[in-house]
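Raw contents of my_file.txt, compact mmCIF, C-alpha atoms and all ligand atoms:
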```txt
# COMPACT_ATOMS: atom_id res chain seq x y z
CA MET A 386 -15.66 -12.74 -64.50
CA LEU A 387 -14.31 -16.05 -63.24
CA ILE A 388 -14.59 -16.34 -59.47
CA GLN A 389 -13.27 -19.33 -57.56
CA ASN A 390 -13.59 -18.74 -53.83
CA ILE A 391 -16.23 -16.42 -52.34
CA LEU A 392 -16.23 -15.22 -48.75
CA VAL A 393 -19.91 -14.71 -47.90
CA THR A 394 -20.52 -12.86 -44.63
CA GLY A 395 -23.83 -13.22 -42.79
CA GLY A 396 -24.63 -16.36 -44.77
CA CYS A 397 -26.79 -17.84 -41.99
CA GLY A 398 -29.32 -15.01 -42.22
CA PHE A 399 -32.36 -14.71 -44.46
CA ILE A 400 -30.84 -13.37 -47.70
CA GLY A 401 -27.28 -14.69 -47.26
CA SER A 402 -28.55 -18.25 -46.84
CA GLU A 403 -30.64 -17.97 -50.02
CA PHE A 404 -27.57 -16.69 -51.87
CA ILE A 405 -25.53 -19.67 -50.65
CA ARG A 406 -28.27 -22.18 -51.53
CA GLN A 407 -28.40 -20.70 -55.04
CA GLN A 408 -24.62 -20.76 -55.45
CA LEU A 409 -24.31 -24.37 -54.30
CA ARG A 410 -27.03 -25.45 -56.73
CA LEU A 411 -25.22 -23.81 -59.68
CA PRO A 412 -23.00 -26.02 -61.84
CA GLU A 413 -20.11 -23.62 -61.09
CA THR A 414 -17.08 -24.79 -59.20
CA THR A 415 -17.08 -21.81 -56.83
CA THR A 416 -16.28 -22.58 -53.19
CA ILE A 417 -18.31 -20.70 -50.57
CA VAL A 418 -16.80 -19.77 -47.21
CA ASN A 419 -19.55 -18.53 -44.88
CA LEU A 420 -18.43 -16.23 -42.03
CA ASP A 421 -21.29 -15.65 -39.61
CA LYS A 422 -21.40 -14.56 -35.98
CA LEU A 423 -24.71 -16.37 -35.40
CA THR A 424 -26.51 -13.46 -33.76
CA TYR A 425 -30.21 -13.89 -32.92
CA ALA A 426 -30.87 -13.62 -36.70
CA GLY A 427 -28.29 -16.19 -37.81
CA ASN A 428 -29.53 -19.77 -37.93
CA LEU A 429 -27.51 -22.84 -38.93
CA GLU A 430 -30.79 -24.60 -39.76
CA ASN A 431 -31.14 -22.29 -42.78
CA LEU A 432 -28.34 -24.23 -44.47
CA ALA A 433 -28.83 -27.63 -42.81
CA THR A 434 -29.14 -29.52 -46.10
CA PHE A 435 -25.83 -28.11 -47.38
CA ARG A 436 -23.80 -28.74 -44.21
CA SER A 437 -21.61 -31.39 -45.85
CA HIS A 438 -21.56 -29.95 -49.35
CA PRO A 439 -18.03 -30.33 -50.81
CA ARG A 440 -17.92 -26.67 -51.93
CA TYR A 441 -19.13 -25.21 -48.62
CA VAL A 442 -17.25 -24.18 -45.47
CA PHE A 443 -18.83 -22.55 -42.39
CA HIS A 444 -16.83 -20.48 -39.92
CA ARG A 445 -18.39 -18.87 -36.85
CA GLY A 446 -16.84 -15.44 -36.38
CA ASP A 447 -17.33 -11.70 -36.37
CA ILE A 448 -16.64 -9.40 -39.34
CA THR A 449 -15.21 -6.85 -36.88
CA ASP A 450 -12.49 -9.37 -35.94
CA ARG A 451 -9.64 -8.49 -38.26
CA ASP A 452 -7.51 -11.56 -37.47
CA CYS A 453 -10.42 -13.83 -38.25
CA VAL A 454 -11.19 -12.09 -41.55
CA GLU A 455 -7.52 -12.06 -42.62
CA THR A 456 -7.10 -15.73 -41.78
CA LEU A 457 -10.09 -16.75 -43.89
CA LEU A 458 -9.08 -14.55 -46.83
CA SER A 459 -5.67 -16.15 -46.97
CA ARG A 460 -6.50 -19.75 -45.95
CA TYR A 461 -9.14 -20.11 -48.68
CA ALA A 462 -7.45 -17.91 -51.34
CA ILE A 463 -10.59 -15.76 -51.47
CA ASP A 464 -11.00 -13.78 -54.68
CA ALA A 465 -14.43 -12.25 -53.99
CA VAL A 466 -16.25 -11.02 -50.89
CA VAL A 467 -20.03 -10.59 -50.64
CA ASN A 468 -20.95 -8.71 -47.47
CA PHE A 469 -24.44 -9.56 -46.19
CA ALA A 470 -23.50 -9.46 -42.49
CA ALA A 471 -25.48 -6.76 -40.73
CA GLU A 472 -27.88 -5.83 -38.03
CA SER A 473 -30.88 -5.53 -40.31
CA HIS A 474 -34.02 -4.54 -38.40
CA VAL A 475 -35.13 -0.89 -38.23
CA ASP A 476 -37.15 -1.34 -35.01
CA ARG A 477 -34.19 -2.84 -33.16
CA SER A 478 -32.01 0.06 -34.33
CA LEU A 479 -34.50 2.42 -32.67
CA GLN A 480 -34.14 0.47 -29.41
CA ASN A 481 -30.31 0.38 -29.50
CA SER A 482 -28.17 1.62 -32.37
CA ALA A 483 -24.78 0.52 -30.96
CA PRO A 484 -24.65 -2.97 -32.57
CA PHE A 485 -25.67 -1.38 -35.88
CA VAL A 486 -22.69 0.98 -35.90
CA ASN A 487 -20.38 -1.79 -34.76
CA THR A 488 -21.31 -4.45 -37.29
CA ASN A 489 -22.58 -2.38 -40.20
CA VAL A 490 -19.95 0.37 -40.14
CA VAL A 491 -16.88 -0.94 -38.29
CA GLY A 492 -17.39 -4.45 -39.67
CA THR A 493 -17.53 -3.16 -43.24
CA GLN A 494 -14.38 -1.08 -42.66
CA VAL A 495 -12.51 -4.15 -41.36
CA LEU A 496 -13.66 -6.22 -44.34
CA LEU A 497 -12.67 -3.49 -46.80
CA ASP A 498 -9.22 -3.07 -45.31
CA ALA A 499 -8.46 -6.77 -45.08
CA SER A 500 -9.87 -7.46 -48.57
CA ARG A 501 -7.80 -4.66 -50.07
CA ASN A 502 -4.63 -6.07 -48.49
CA ALA A 503 -5.56 -9.53 -49.78
CA LYS A 504 -6.06 -8.04 -53.28
CA VAL A 505 -9.46 -9.61 -53.84
CA SER A 506 -10.77 -9.04 -57.35
CA ARG A 507 -14.39 -8.21 -56.34
CA PHE A 508 -16.06 -6.84 -53.20
CA LEU A 509 -19.84 -6.64 -53.24
CA GLN A 510 -21.57 -4.62 -50.54
CA VAL A 511 -25.19 -5.69 -50.05
CA SER A 512 -26.98 -2.45 -49.26
CA THR A 513 -30.52 -1.19 -49.15
CA ASP A 514 -32.87 1.29 -50.81
CA GLU A 515 -33.47 2.67 -47.29
CA VAL A 516 -30.27 4.74 -47.58
CA TYR A 517 -32.26 7.06 -49.87
CA GLY A 518 -34.81 7.89 -47.16
CA SER A 519 -38.46 8.31 -47.99
CA LEU A 520 -40.46 9.09 -51.16
CA GLY A 521 -43.69 11.04 -51.47
CA ALA A 522 -46.67 9.67 -53.39
CA THR A 523 -44.81 9.59 -56.72
CA GLY A 524 -41.32 9.01 -58.11
CA PHE A 525 -38.72 6.28 -57.76
CA PHE A 526 -35.27 5.82 -56.25
CA VAL A 527 -32.55 5.70 -58.91
CA GLU A 528 -28.83 5.05 -58.38
CA GLU A 529 -28.08 8.80 -58.23
CA THR A 530 -30.81 9.73 -55.73
CA SER A 531 -29.25 11.64 -52.82
CA ILE A 532 -28.51 9.60 -49.72
CA ALA A 533 -30.84 10.69 -46.86
CA PRO A 534 -31.20 7.87 -44.30
CA ASN A 535 -33.85 8.30 -41.62
CA SER A 536 -33.29 5.47 -39.12
CA PRO A 537 -30.17 4.43 -37.21
CA TYR A 538 -30.23 1.21 -39.30
CA SER A 539 -30.30 3.02 -42.64
CA ALA A 540 -27.76 5.58 -41.41
CA SER A 541 -25.34 2.77 -40.56
CA LYS A 542 -25.87 1.17 -43.99
CA ALA A 543 -25.34 4.54 -45.68
CA ALA A 544 -22.12 5.06 -43.69
CA ALA A 545 -20.87 1.66 -44.84
CA ASP A 546 -21.73 2.55 -48.45
CA MET A 547 -19.73 5.77 -48.12
CA LEU A 548 -16.71 3.78 -46.93
CA VAL A 549 -17.05 1.40 -49.86
CA ARG A 550 -17.28 4.35 -52.22
CA ALA A 551 -14.18 5.96 -50.66
CA TYR A 552 -12.13 2.75 -50.98
CA GLN A 553 -13.11 2.48 -54.62
CA HIS A 554 -12.33 6.15 -55.27
CA SER A 555 -9.05 6.40 -53.31
CA PHE A 556 -7.50 3.01 -53.95
CA GLY A 557 -9.20 1.80 -57.11
CA PHE A 558 -10.56 -1.02 -54.93
CA PRO A 559 -12.88 -3.17 -57.12
CA ALA A 560 -16.09 -2.69 -55.16
CA ILE A 561 -19.72 -2.78 -56.24
CA ILE A 562 -22.75 -1.69 -54.20
CA THR A 563 -26.19 -3.21 -54.65
CA ARG A 564 -29.28 -1.63 -53.09
CA CYS A 565 -32.50 -3.59 -52.86
CA SER A 566 -36.05 -3.01 -51.70
CA ASP A 567 -37.98 -5.13 -49.14
CA ASN A 568 -37.35 -8.86 -49.51
CA TYR A 569 -39.76 -11.64 -48.62
CA GLY A 570 -39.59 -15.42 -48.84
CA PRO A 571 -38.73 -18.47 -46.75
CA TYR A 572 -36.33 -18.42 -43.76
CA GLN A 573 -36.97 -14.72 -42.93
CA PHE A 574 -36.72 -13.98 -39.23
CA PRO A 575 -40.26 -13.30 -37.90
CA GLU A 576 -39.52 -9.75 -36.73
CA LYS A 577 -40.07 -8.30 -40.22
CA LEU A 578 -43.59 -7.53 -41.50
CA LEU A 579 -44.33 -10.56 -43.68
CA PRO A 580 -42.97 -13.46 -41.59
CA LEU A 581 -44.28 -11.82 -38.40
CA PHE A 582 -47.79 -11.42 -39.78
CA ILE A 583 -47.89 -14.85 -41.47
CA THR A 584 -46.70 -16.72 -38.36
CA ASN A 585 -48.97 -14.73 -36.02
CA LEU A 586 -52.00 -15.40 -38.22
CA LEU A 587 -51.16 -19.10 -38.52
CA ALA A 588 -51.29 -19.13 -34.70
CA ASN A 589 -54.54 -17.06 -34.66
CA GLN A 590 -52.71 -14.15 -33.04
CA SER A 591 -53.23 -10.47 -33.81
CA VAL A 592 -51.04 -8.56 -36.26
CA PRO A 593 -49.63 -5.16 -35.15
CA VAL A 594 -50.05 -2.56 -37.91
CA TYR A 595 -48.01 0.58 -37.30
CA GLY A 596 -49.90 3.89 -37.50
CA SER A 597 -52.36 4.10 -40.38
CA GLY A 598 -50.92 1.16 -42.34
CA GLN A 599 -50.65 3.40 -45.42
CA ASN A 600 -46.85 3.23 -45.73
CA VAL A 601 -45.73 1.70 -49.02
CA ARG A 602 -42.95 -0.83 -49.66
CA ASP A 603 -41.73 -2.33 -52.95
CA TRP A 604 -41.62 -6.11 -52.45
CA ILE A 605 -39.18 -8.48 -54.14
CA HIS A 606 -38.76 -12.22 -53.70
CA VAL A 607 -35.46 -13.09 -52.03
CA SER A 608 -34.50 -15.44 -54.88
CA ASP A 609 -34.75 -12.54 -57.38
CA HIS A 610 -32.57 -10.36 -55.13
CA CYS A 611 -29.92 -13.10 -54.90
CA ARG A 612 -29.90 -13.68 -58.67
CA GLY A 613 -29.29 -9.95 -58.98
CA ILE A 614 -26.36 -10.06 -56.55
CA ASP A 615 -24.85 -12.95 -58.51
CA ALA A 616 -25.25 -11.00 -61.77
CA ALA A 617 -23.69 -7.86 -60.28
CA LEU A 618 -20.80 -9.87 -58.82
CA ARG A 619 -19.96 -11.64 -62.08
CA HIS A 620 -20.97 -9.02 -64.67
CA GLY A 621 -21.16 -5.68 -62.84
CA ARG A 622 -18.62 -2.90 -63.26
CA PRO A 623 -16.44 -1.93 -60.27
CA GLY A 624 -17.40 1.45 -58.84
CA GLU A 625 -21.04 1.07 -59.89
CA ILE A 626 -24.24 0.94 -57.88
CA TYR A 627 -27.04 -1.43 -58.96
CA LEU A 628 -30.62 -1.24 -57.69
CA PHE A 629 -33.02 -4.17 -57.35
CA GLY A 630 -36.74 -4.04 -56.70
CA GLY A 631 -39.82 -6.07 -57.51
CA ARG A 632 -41.94 -3.34 -59.11
CA THR A 633 -44.58 -4.41 -56.58
CA GLU A 634 -45.71 -1.49 -54.45
CA LYS A 635 -48.17 -2.28 -51.68
CA THR A 636 -49.37 -0.48 -48.58
CA ASN A 637 -48.96 -2.39 -45.33
CA LEU A 638 -52.74 -2.62 -45.04
CA GLU A 639 -53.05 -4.09 -48.54
CA ILE A 640 -50.53 -6.74 -47.49
CA THR A 641 -52.39 -7.33 -44.21
CA HIS A 642 -55.77 -7.79 -45.90
CA LEU A 643 -54.25 -10.08 -48.53
CA LEU A 644 -52.75 -12.29 -45.82
CA LEU A 645 -56.06 -12.38 -43.93
CA LYS A 646 -57.79 -13.47 -47.14
CA LEU A 647 -55.23 -16.12 -48.11
CA LEU A 648 -55.20 -17.53 -44.58
CA ASP A 649 -58.97 -17.18 -44.13
CA LYS A 650 -58.70 -15.15 -40.91
CA PRO A 651 -61.01 -12.39 -39.57
CA THR A 652 -60.13 -8.67 -39.80
CA ALA A 653 -60.60 -8.57 -36.01
CA LEU A 654 -57.03 -9.87 -35.81
CA ILE A 655 -55.72 -6.50 -37.03
CA ARG A 656 -54.31 -4.50 -34.09
CA TYR A 657 -53.37 -0.88 -34.78
CA VAL A 658 -50.35 0.08 -32.71
CA ALA A 659 -48.29 3.24 -32.26
CA ASP A 660 -46.41 4.24 -35.39
CA ARG A 661 -42.70 3.50 -35.87
CA LEU A 662 -40.61 6.58 -35.00
CA GLY A 663 -39.52 8.41 -38.14
CA HIS A 664 -41.47 5.87 -40.24
CA ASP A 665 -40.49 6.21 -43.92
CA ASN A 666 -43.56 6.86 -46.04
CA ARG A 667 -42.82 5.07 -49.31
CA TYR A 668 -40.06 3.12 -51.06
CA ALA A 669 -40.12 2.38 -54.81
CA VAL A 670 -37.16 1.36 -56.92
CA ASP A 671 -36.42 2.00 -60.58
CA CYS A 672 -34.25 -1.01 -61.40
CA SER A 673 -33.93 -0.36 -65.14
CA LYS A 674 -30.12 0.05 -64.96
CA SER A 675 -29.76 -3.47 -63.52
CA GLU A 676 -32.14 -4.80 -66.17
CA ARG A 677 -30.20 -3.07 -68.94
CA GLU A 678 -26.62 -3.71 -67.80
CA LEU A 679 -26.92 -7.03 -65.97
CA GLY A 680 -29.64 -8.69 -68.05
CA TRP A 681 -31.49 -9.25 -64.75
CA ARG A 682 -35.18 -8.90 -64.02
CA PRO A 683 -37.46 -9.98 -61.18
CA GLU A 684 -39.17 -13.24 -62.11
CA VAL A 685 -41.33 -14.26 -59.15
CA THR A 686 -44.75 -12.62 -59.20
CA PHE A 687 -46.01 -11.39 -55.84
CA GLU A 688 -49.09 -13.63 -56.06
CA GLN A 689 -46.95 -16.74 -56.62
CA GLY A 690 -44.25 -15.74 -54.12
CA ILE A 691 -46.59 -14.85 -51.27
CA GLN A 692 -48.52 -18.13 -51.58
CA GLU A 693 -45.27 -20.13 -51.61
CA THR A 694 -44.01 -18.15 -48.62
CA ILE A 695 -47.19 -18.83 -46.63
CA ASP A 696 -46.91 -22.53 -47.54
CA TRP A 697 -43.27 -22.59 -46.39
CA TYR A 698 -44.09 -21.13 -42.95
CA ARG A 699 -47.03 -23.53 -42.61
CA GLN A 700 -44.83 -26.51 -43.46
CA ASN A 701 -41.92 -25.42 -41.27
CA SER A 702 -43.64 -24.98 -37.93
CA ALA A 703 -40.65 -26.49 -36.09
CA TRP A 704 -38.34 -23.83 -37.57
CA VAL A 705 -40.82 -21.12 -36.49
CA ALA A 706 -41.27 -22.54 -32.97
CA ASN A 707 -37.52 -22.75 -32.52
CA VAL A 708 -37.01 -19.13 -33.59
CA LYS A 709 -40.01 -17.69 -31.72
CA SER A 710 -38.65 -18.60 -28.31
CA GLY A 711 -36.23 -17.30 -25.66
CA ASP A 712 -34.94 -13.80 -26.46
CA TYR A 713 -37.51 -13.40 -29.24
CA LEU A 714 -40.34 -13.39 -26.71
CA ASP A 715 -38.64 -10.63 -24.68
CA TYR A 716 -38.11 -8.58 -27.84
CA TYR A 717 -41.75 -9.08 -28.87
CA ALA A 718 -43.07 -8.04 -25.46
CA ARG A 719 -40.90 -4.90 -25.50
CA GLN A 720 -41.73 -3.90 -29.07
CA TYR A 721 -45.49 -4.60 -28.99
CA ARG A 722 -46.49 -3.71 -25.40
CA GLN A 723 -50.27 -3.70 -24.91
CA ASP A 724 -50.16 0.04 -24.05
CA ASN A 725 -48.97 0.61 -27.63
CA THR A 726 -52.35 -0.42 -28.99
CA LEU A 727 -54.29 2.44 -30.57
CA THR A 728 -57.79 2.65 -29.15
CA GLY A 729 -60.86 4.82 -29.61
CA SER A 730 -60.58 7.62 -32.12
CA SER A 731 -56.97 6.86 -33.15
CA ALA A 732 -57.86 3.28 -34.10
CA LYS A 733 -60.98 4.47 -35.97
CA CYS A 734 -58.85 7.01 -37.80
CA ALA A 735 -56.34 4.32 -38.80
CA ALA A 736 -59.11 1.95 -39.88
CA SER A 737 -60.87 4.59 -41.97
CA LEU A 738 -57.62 5.51 -43.68
CA SER A 739 -57.26 1.89 -44.77
CA PHE A 740 -60.31 2.14 -46.98
CA ALA A 741 -59.81 5.73 -48.13
P1 LIG B 1 -30.58 -11.01 -41.32
O1 LIG B 1 -30.73 -10.18 -40.10
O2 LIG B 1 -31.58 -12.07 -41.60
O3 LIG B 1 -29.15 -11.74 -41.29
C1 LIG B 1 -27.99 -11.10 -40.90
C2 LIG B 1 -26.91 -12.15 -40.73
O4 LIG B 1 -25.67 -11.49 -40.41
C3 LIG B 1 -27.17 -13.14 -39.60
O5 LIG B 1 -26.88 -14.46 -40.02
C4 LIG B 1 -26.22 -12.70 -38.50
O6 LIG B 1 -25.82 -13.75 -37.64
C5 LIG B 1 -25.06 -12.16 -39.31
N1 LIG B 1 -24.24 -11.18 -38.58
C6 LIG B 1 -24.69 -10.11 -37.87
N2 LIG B 1 -23.66 -9.45 -37.32
C7 LIG B 1 -22.52 -10.10 -37.72
C8 LIG B 1 -21.13 -9.89 -37.50
N3 LIG B 1 -20.70 -8.87 -36.74
N4 LIG B 1 -20.25 -10.74 -38.06
C9 LIG B 1 -20.68 -11.79 -38.81
N5 LIG B 1 -21.99 -12.05 -39.04
C10 LIG B 1 -22.90 -11.21 -38.50
O7 LIG B 1 -30.46 -9.99 -42.51
P2 LIG B 1 -31.02 -10.10 -44.01
O8 LIG B 1 -32.41 -9.64 -44.05
O9 LIG B 1 -30.65 -11.43 -44.57
O10 LIG B 1 -30.13 -8.96 -44.72
C11 LIG B 1 -28.86 -9.28 -45.25
C12 LIG B 1 -28.25 -8.02 -45.84
O11 LIG B 1 -29.11 -7.50 -46.85
C13 LIG B 1 -28.08 -6.89 -44.83
O12 LIG B 1 -26.86 -6.25 -45.10
C14 LIG B 1 -29.25 -5.96 -45.11
O13 LIG B 1 -28.91 -4.62 -44.77
C15 LIG B 1 -29.41 -6.14 -46.59
N6 LIG B 1 -30.76 -5.90 -47.12
C16 LIG B 1 -31.84 -6.53 -46.55
C17 LIG B 1 -33.10 -6.36 -47.12
C18 LIG B 1 -34.33 -7.05 -46.54
O14 LIG B 1 -35.44 -6.80 -47.00
N7 LIG B 1 -34.20 -7.95 -45.57
C19 LIG B 1 -33.26 -5.54 -48.24
C20 LIG B 1 -32.12 -4.90 -48.78
C21 LIG B 1 -30.89 -5.11 -48.21
O1 LIG B 2 -36.16 -1.58 -48.05
C1 LIG B 2 -35.19 -2.51 -47.66
C2 LIG B 2 -35.30 -2.78 -46.17
O2 LIG B 2 -36.50 -3.53 -45.99
C3 LIG B 2 -34.09 -3.53 -45.61
O3 LIG B 2 -32.94 -2.74 -45.71
C4 LIG B 2 -34.32 -3.90 -44.14
O4 LIG B 2 -33.24 -4.71 -43.67
C5 LIG B 2 -35.61 -4.68 -44.03
O5 LIG B 2 -35.89 -4.95 -42.67
C6 LIG B 2 -36.78 -3.89 -44.66
O6 LIG B 2 -37.04 -2.69 -43.86
P1 LIG B 2 -38.54 -2.23 -43.52
O7 LIG B 2 -38.50 -1.36 -42.35
O8 LIG B 2 -39.22 -1.73 -44.75
O9 LIG B 2 -39.19 -3.69 -43.20
P2 LIG B 2 -40.17 -4.18 -42.03
O10 LIG B 2 -40.58 -5.56 -42.39
O11 LIG B 2 -39.60 -3.94 -40.68
O12 LIG B 2 -41.42 -3.21 -42.19
C7 LIG B 2 -42.14 -3.17 -43.43
C8 LIG B 2 -43.30 -2.21 -43.24
O13 LIG B 2 -44.23 -2.77 -42.30
C9 LIG B 2 -42.89 -0.87 -42.63
O14 LIG B 2 -43.67 0.16 -43.22
C10 LIG B 2 -43.23 -1.00 -41.16
C11 LIG B 2 -44.44 -1.93 -41.17
N1 LIG B 2 -44.59 -2.81 -39.99
C12 LIG B 2 -43.53 -3.58 -39.65
C13 LIG B 2 -43.59 -4.40 -38.55
C14 LIG B 2 -42.41 -5.26 -38.13
C15 LIG B 2 -45.77 -2.84 -39.29
O15 LIG B 2 -46.76 -2.15 -39.62
N2 LIG B 2 -45.84 -3.66 -38.19
C16 LIG B 2 -44.80 -4.43 -37.78
O16 LIG B 2 -44.94 -5.14 -36.75
```

If you took the structure in this file and wrote it as structure tokens, what would it be?
Ligand code: NAD
Ligand code: DAU
Amino acid sequence: MLIQNILVTGGCGFIGSEFIRQQLRLPETTTIVNLDKLTYAGNLENLATFRSHPRYVFHRGDITDRDCVETLLSRYAIDAVVNFAAESHVDRSLQNSAPFVNTNVVGTQVLLDASRNAKVSRFLQVSTDEVYGSLGATGFFVEETSIAPNSPYSASKAAADMLVRAYQHSFGFPAIITRCSDNYGPYQFPEKLLPLFITNLLANQSVPVYGSGQNVRDWIHVSDHCRGIDAALRHGRPGEIYLFGGRTEKTNLEITHLLLKLLDKPTALIRYVADRLGHDNRYAVDCSKSERELGWRPEVTFEQGIQETIDWYRQNSAWVANVKSGDYLDYYARQYRQDNTLTGSSAKCAASLSFA
């Protein structure tokens, strides 16, 4: 479908900024209006090279601020909304869930209401496979898998998805939900596994593995996720859910050992710490519906993507230093206190599991 003016929320974060970079590189004439609150995770540097792009407008604001959202929808004649804005980190949601409910649930409700009044022709909710909860050793999430979120973060995303569903059902509002597995790539805030471990290892610091390190995630390069969102926005059917994943399942210890190898660092840098509360065991996504209906498929192999990601963090040490300062250091100290380190028999148990 022809889209002229997109309101992108949370466009200064990891995935939103990749989506905007992709859109502005396309030959399309689409204008991008980026509404971002610039929380700790939002960084103007992520879009520095596009600051003066003729098809790009940045507005600092909050998706829970109805006046702000309504003004932007009308001033820029927005015909599509892509909602990336969120509190996105599970560990932070275990420390304090209030901002998660506020932004992820209330913010989505405000966006839905204002977008419905403005009669936008597409609303795409960027959601997560975490709303489905946890898998055992086998099986995959499909679109119809029952929602069973386990963390305050995933519960807030599931609540937002339910609102989107209800707006579509009750009002015929043209909404689409996408749900993706774990993303990696450049510009990811170093609180998540991959950027945290890469930047720590580059600085010869230890890497905190939760519990046994046997939990499994399905990794997808952020550029593949954003191509999927673009495909769903332009070619997806309103009322539908589309899943994206990289078909790349890895345990956290496999990832850790791969990073140690690629960065030529000793295994002594692994530090086993207390497990995440309610830690989901395994995520794995069956994305065949998206492949079939959207003509999309993941293109970046994990081997290629991880090397490029390491290279990016190595080459962008100023970006890393800037982000790993101030409040970040307080968060890190709180989250990874020394007394969290597993010692003696618990550490041996975790280490032996890694080679089981
Ligand atoms: P991120 O934390 O890197 O970025 C979030 C962005 O939203 C930041 O720029 C922040 O400033 C902005 N923001 C937060 N609260 C806001 C508010 N109230 N108003 C306006 N802007 C606000 O997150 P991310 O990893 O880029 O994730 C983006 C979206 O994708 C989220 O909705 C997340 O749930 C979803 N998702 C993420 C992953 C992943 O692996 N990272 C996977 C699947 C889905
Ligand atoms: O599946 C999609 C989700 O992926 C997104 O919705 C979330 O926004 C995104 O943060 C991500 O959630 P995870 O919890 O899977 O990602 P995270 O990088 O926090 O953790 C990945 C795995 O690594 C998980 O099993 C926990 C583990 N881990 C994480 C950190 C930060 C560690 O062992 N040590 C750590 O320090």

Discussion item. Could you list, as a ChimeraX atom specification, all residues that come within 7 Å of ligand LIG 1 (chain B)? Count all atoms listed in the file.
Written reply: /A:394-401,420-428,446-449,468-474,488,492,511-514,542,564-569,573-574

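The gap separating CA of Ile655 (chain A) from CA of Ala588 (chain A) is 13.6 Å, in Å to one decimal.
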
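Of note, CA of Val466 (chain A) and CA of Leu509 (chain A) are spaced 6.1 Å apart.
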
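With CA of Leu387 (chain A) on one side and CA of Arg619 (chain A) on the other, the separation reads 7.3 Å.
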
Worksheet item: Of the residues A:Ser437, A:Ser402, A:Thr563, A:Gln408, which is the one nearest to Gly621 (chain A), using all atoms listed in the file?
Response: A:Thr563

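Comparing A:Leu578, A:Gln692, A:Thr652, A:Thr686 by their smallest distance to Thr636 (chain A), the closest is A:Leu578 (using only C-alpha atoms).
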
Item to complete: Can you work out which one of A:Glu693, A:Asp452, A:Glu625, A:Glu529 has the shortest atom-to-atom distance to Ile562 (chain A), counting all atoms listed in the file?
Response: A:Glu625

Could you add whatever atoms are missing so that region 654-664 of chain A carries N, CA, C and O atoms, then write the result as an mmCIF file, in the coordinates of the input?
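As written to disk, out-v5.cif reads:
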```
data_model
loop_
_atom_site.group_PDB
_atom_site.id
_atom_site.type_symbol
_atom_site.label_atom_id
_atom_site.label_comp_id
_atom_site.auth_asym_id
_atom_site.auth_seq_id
_atom_site.Cartn_x
_atom_site.Cartn_y
_atom_site.Cartn_z
ATOM 1 N N LEU A 654 -58.415 -9.594 -36.251
ATOM 2 C CA LEU A 654 -57.030 -9.870 -35.810
ATOM 3 C C LEU A 654 -56.085 -8.696 -36.100
ATOM 4 O O LEU A 654 -54.932 -8.722 -35.690
ATOM 5 N N ILE A 655 -56.576 -7.684 -36.810
ATOM 6 C CA ILE A 655 -55.720 -6.500 -37.030
ATOM 7 C C ILE A 655 -55.683 -5.684 -35.737
ATOM 8 O O ILE A 655 -56.733 -5.358 -35.162
ATOM 9 N N ARG A 656 -54.464 -5.344 -35.294
ATOM 10 C CA ARG A 656 -54.310 -4.500 -34.090
ATOM 11 C C ARG A 656 -53.486 -3.281 -34.497
ATOM 12 O O ARG A 656 -52.326 -3.417 -34.901
ATOM 13 N N TYR A 657 -54.106 -2.107 -34.444
ATOM 14 C CA TYR A 657 -53.370 -0.880 -34.780
ATOM 15 C C TYR A 657 -52.530 -0.461 -33.590
ATOM 16 O O TYR A 657 -53.052 -0.338 -32.476
ATOM 17 N N VAL A 658 -51.241 -0.300 -33.807
ATOM 18 C CA VAL A 658 -50.350 0.080 -32.710
ATOM 19 C C VAL A 658 -49.661 1.403 -33.052
ATOM 20 O O VAL A 658 -49.731 1.880 -34.189
ATOM 21 N N ALA A 659 -48.973 1.956 -32.054
ATOM 22 C CA ALA A 659 -48.290 3.240 -32.260
ATOM 23 C C ALA A 659 -47.353 3.142 -33.455
ATOM 24 O O ALA A 659 -46.738 2.093 -33.705
ATOM 25 N N ASP A 660 -47.227 4.238 -34.180
ATOM 26 C CA ASP A 660 -46.410 4.240 -35.390
ATOM 27 C C ASP A 660 -44.926 4.082 -35.040
ATOM 28 O O ASP A 660 -44.493 4.446 -33.945
ATOM 29 N N ARG A 661 -44.156 3.549 -35.995
ATOM 30 C CA ARG A 661 -42.700 3.500 -35.870
ATOM 31 C C ARG A 661 -42.168 4.934 -35.859
ATOM 32 O O ARG A 661 -42.639 5.771 -36.650
ATOM 33 N N LEU A 662 -41.200 5.232 -35.020
ATOM 34 C CA LEU A 662 -40.610 6.580 -35.000
ATOM 35 C C LEU A 662 -39.924 6.844 -36.341
ATOM 36 O O LEU A 662 -39.194 5.987 -36.845
ATOM 37 N N GLY A 663 -40.181 8.019 -36.889
ATOM 38 C CA GLY A 663 -39.520 8.410 -38.140
ATOM 39 C C GLY A 663 -39.887 7.537 -39.328
ATOM 40 O O GLY A 663 -39.138 7.466 -40.310
ATOM 41 N N HIS A 664 -41.032 6.870 -39.250
ATOM 42 C CA HIS A 664 -41.470 5.870 -40.240
ATOM 43 C C HIS A 664 -41.399 6.399 -41.678
ATOM 44 O O HIS A 664 -42.130 7.335 -42.025
#
```
